[in-house]
Amino acid sequence: MAAPTVETAMLPAPVAASPRRRAPVPLVVGGVVVGALFVGPLVYLVVRTLGFGDAALDVLTSDEAGAPLLRTLLLAVTVSAACALLGTACAWLVARTDLPGRRVLRVLFVLPLVIPSFVGAFALQAAFVQGGLLDELFGLGTGIRIEGFWGAFAAITLLS
């Protein structure tokens with residue numbers, strides 16, 4: 001038998017294979033139930049759509065369905081990009097600079113995460129509408145309308 005060399009002396013000792021353990025049955029059953037609850041509505045929609053046959057494909061590829069889908073995808077992409085830029089800039093400001101009040105800003109920057117987006121959007125709409133909160137409290141006739149693509153973009157970006 002040869003003496004161990006420097007290279008072999010530095011290698012870790014082989015580890016015995018550990019026996020595979022199975023997940024507890026209640027955990028597996030709970031996971032399957034939760035998965036079924038999430039997949040159930042999707043399966044229902046697919047079955048209902050397939051029940052229409054070729055008419056379903058005509059509806060799904062029509063302009064009435066395609067245009068809103070494209071607008072939704074455009075909104076999702078632009079809001080994601082804006083949130084990435086805005087969030088990175090805000091995080092850099094509070095983490096890497098000596099900005100006055102950065103401790104307060106750390107709290108304020110995460111506040112939109114606790115406000116549901118539909119509640120925040122309703123609050124923005126109520127504040128800026130003609131005769132809304134800003135108009136009543138401060139007499140500011142802002143003329144800003146929160147509607148359409150840019151209104152949705154601004155509301156979702158600020159609330160995300």
# chains A, B, ... in the order shown; residues from 1 in each chain; ligands from 1
>>> residues_around(residues="stretch 86-91 of chain A", least_positions_apart="3", cutoff="9 Å", atoms="only C-alpha atoms", output="list in words")
Ala81, Ala82, Cys83, Val94, Ala95, Arg96, Leu105, Arg106, Phe109, Thr157 and Ser160 of chain A
>>> select_by_dssp(residues="stretch 23-139 of chain A", states="helix (DSSP H, G or I)", output="PyMOL selection string")
chain A and resi 25-50+54-60+63-96+102-114+117-128+133-138
>>> residues_around(residues="A:Gly151", least_positions_apart="3", cutoff="12 Å", atoms="only C-alpha atoms", output="VMD selection string")
chain A and resid 75 79 121 to 122 124 to 125 128 144 to 148 154 to 158
>>> write_last_selection(atoms="N, CA, C and O atoms", output="short mmCIF file (atom, residue, chain, number, x, y, z; two decimals), in the first residue's frame")
data_model
loop_
_atom_site.label_atom_id
_atom_site.label_comp_id
_atom_site.auth_asym_id
_atom_site.auth_seq_id
_atom_site.Cartn_x
_atom_site.Cartn_y
_atom_site.Cartn_z
N LEU A 75 -48.34 47.44 -20.04
CA LEU A 75 -48.39 48.07 -18.71
C LEU A 75 -47.53 47.31 -17.72
O LEU A 75 -46.79 47.91 -16.93
N VAL A 79 -44.31 49.15 -16.03
CA VAL A 79 -44.36 49.32 -14.57
C VAL A 79 -43.20 48.57 -13.91
O VAL A 79 -42.57 49.08 -12.98
N ALA A 121 -55.13 53.18 -5.48
CA ALA A 121 -55.62 53.76 -6.72
C ALA A 121 -56.92 54.53 -6.48
O ALA A 121 -57.12 55.62 -7.03
N PHE A 122 -57.78 53.99 -5.64
CA PHE A 122 -59.02 54.69 -5.31
C PHE A 122 -58.71 56.00 -4.57
O PHE A 122 -59.33 57.03 -4.82
N LEU A 124 -55.96 57.83 -4.83
CA LEU A 124 -55.43 58.79 -5.80
C LEU A 124 -56.55 59.39 -6.64
O LEU A 124 -56.58 60.60 -6.90
N GLN A 125 -57.45 58.55 -7.07
CA GLN A 125 -58.58 59.02 -7.87
C GLN A 125 -59.43 60.00 -7.06
O GLN A 125 -59.82 61.05 -7.56
N PHE A 128 -57.53 63.48 -6.66
CA PHE A 128 -57.27 64.34 -7.81
C PHE A 128 -58.48 64.64 -8.67
O PHE A 128 -58.41 65.49 -9.56
N ILE A 144 -55.65 67.27 -12.90
CA ILE A 144 -54.99 65.99 -13.19
C ILE A 144 -56.06 64.91 -13.24
O ILE A 144 -56.91 64.82 -12.34
N ARG A 145 -56.02 64.11 -14.27
CA ARG A 145 -56.97 63.01 -14.39
C ARG A 145 -56.19 61.70 -14.32
O ARG A 145 -55.27 61.48 -15.09
N ILE A 146 -56.56 60.85 -13.37
CA ILE A 146 -55.91 59.54 -13.21
C ILE A 146 -56.76 58.54 -13.98
O ILE A 146 -57.67 57.94 -13.45
N GLU A 147 -56.45 58.39 -15.27
CA GLU A 147 -57.18 57.43 -16.09
C GLU A 147 -56.33 57.05 -17.28
O GLU A 147 -55.32 57.70 -17.58
N GLY A 148 -56.70 55.99 -17.94
CA GLY A 148 -55.97 55.54 -19.11
C GLY A 148 -54.65 54.88 -18.75
O GLY A 148 -54.38 54.55 -17.59
N ALA A 154 -48.85 55.43 -13.52
CA ALA A 154 -48.44 56.22 -12.37
C ALA A 154 -48.94 55.61 -11.06
O ALA A 154 -48.17 55.49 -10.09
N ALA A 155 -50.20 55.20 -11.04
CA ALA A 155 -50.77 54.66 -9.81
C ALA A 155 -50.09 53.35 -9.41
O ALA A 155 -49.68 53.18 -8.25
N ILE A 156 -49.92 52.44 -10.35
CA ILE A 156 -49.32 51.14 -10.01
C ILE A 156 -47.85 51.29 -9.66
O ILE A 156 -47.35 50.65 -8.74
N THR A 157 -47.14 52.17 -10.38
CA THR A 157 -45.72 52.37 -10.08
C THR A 157 -45.54 52.98 -8.69
O THR A 157 -44.70 52.52 -7.91
N LEU A 158 -46.32 54.01 -8.37
CA LEU A 158 -46.18 54.64 -7.06
C LEU A 158 -46.61 53.72 -5.93
O LEU A 158 -46.10 53.83 -4.81
#
>>> closest_residue(among="A:Pro24, A:Leu74, A:Leu159, A:Arg48", to="A:Val119", atoms="only C-alpha atoms")
A:Leu159
>>> atom_distance(atom1="atom CA of A:Tyr44", atom2="atom CA of A:Ala56")
14.4 Å
>>> atom_distance(atom1="atom CA of A:Ala76", atom2="atom CA of A:Ala152")
10.3 Å
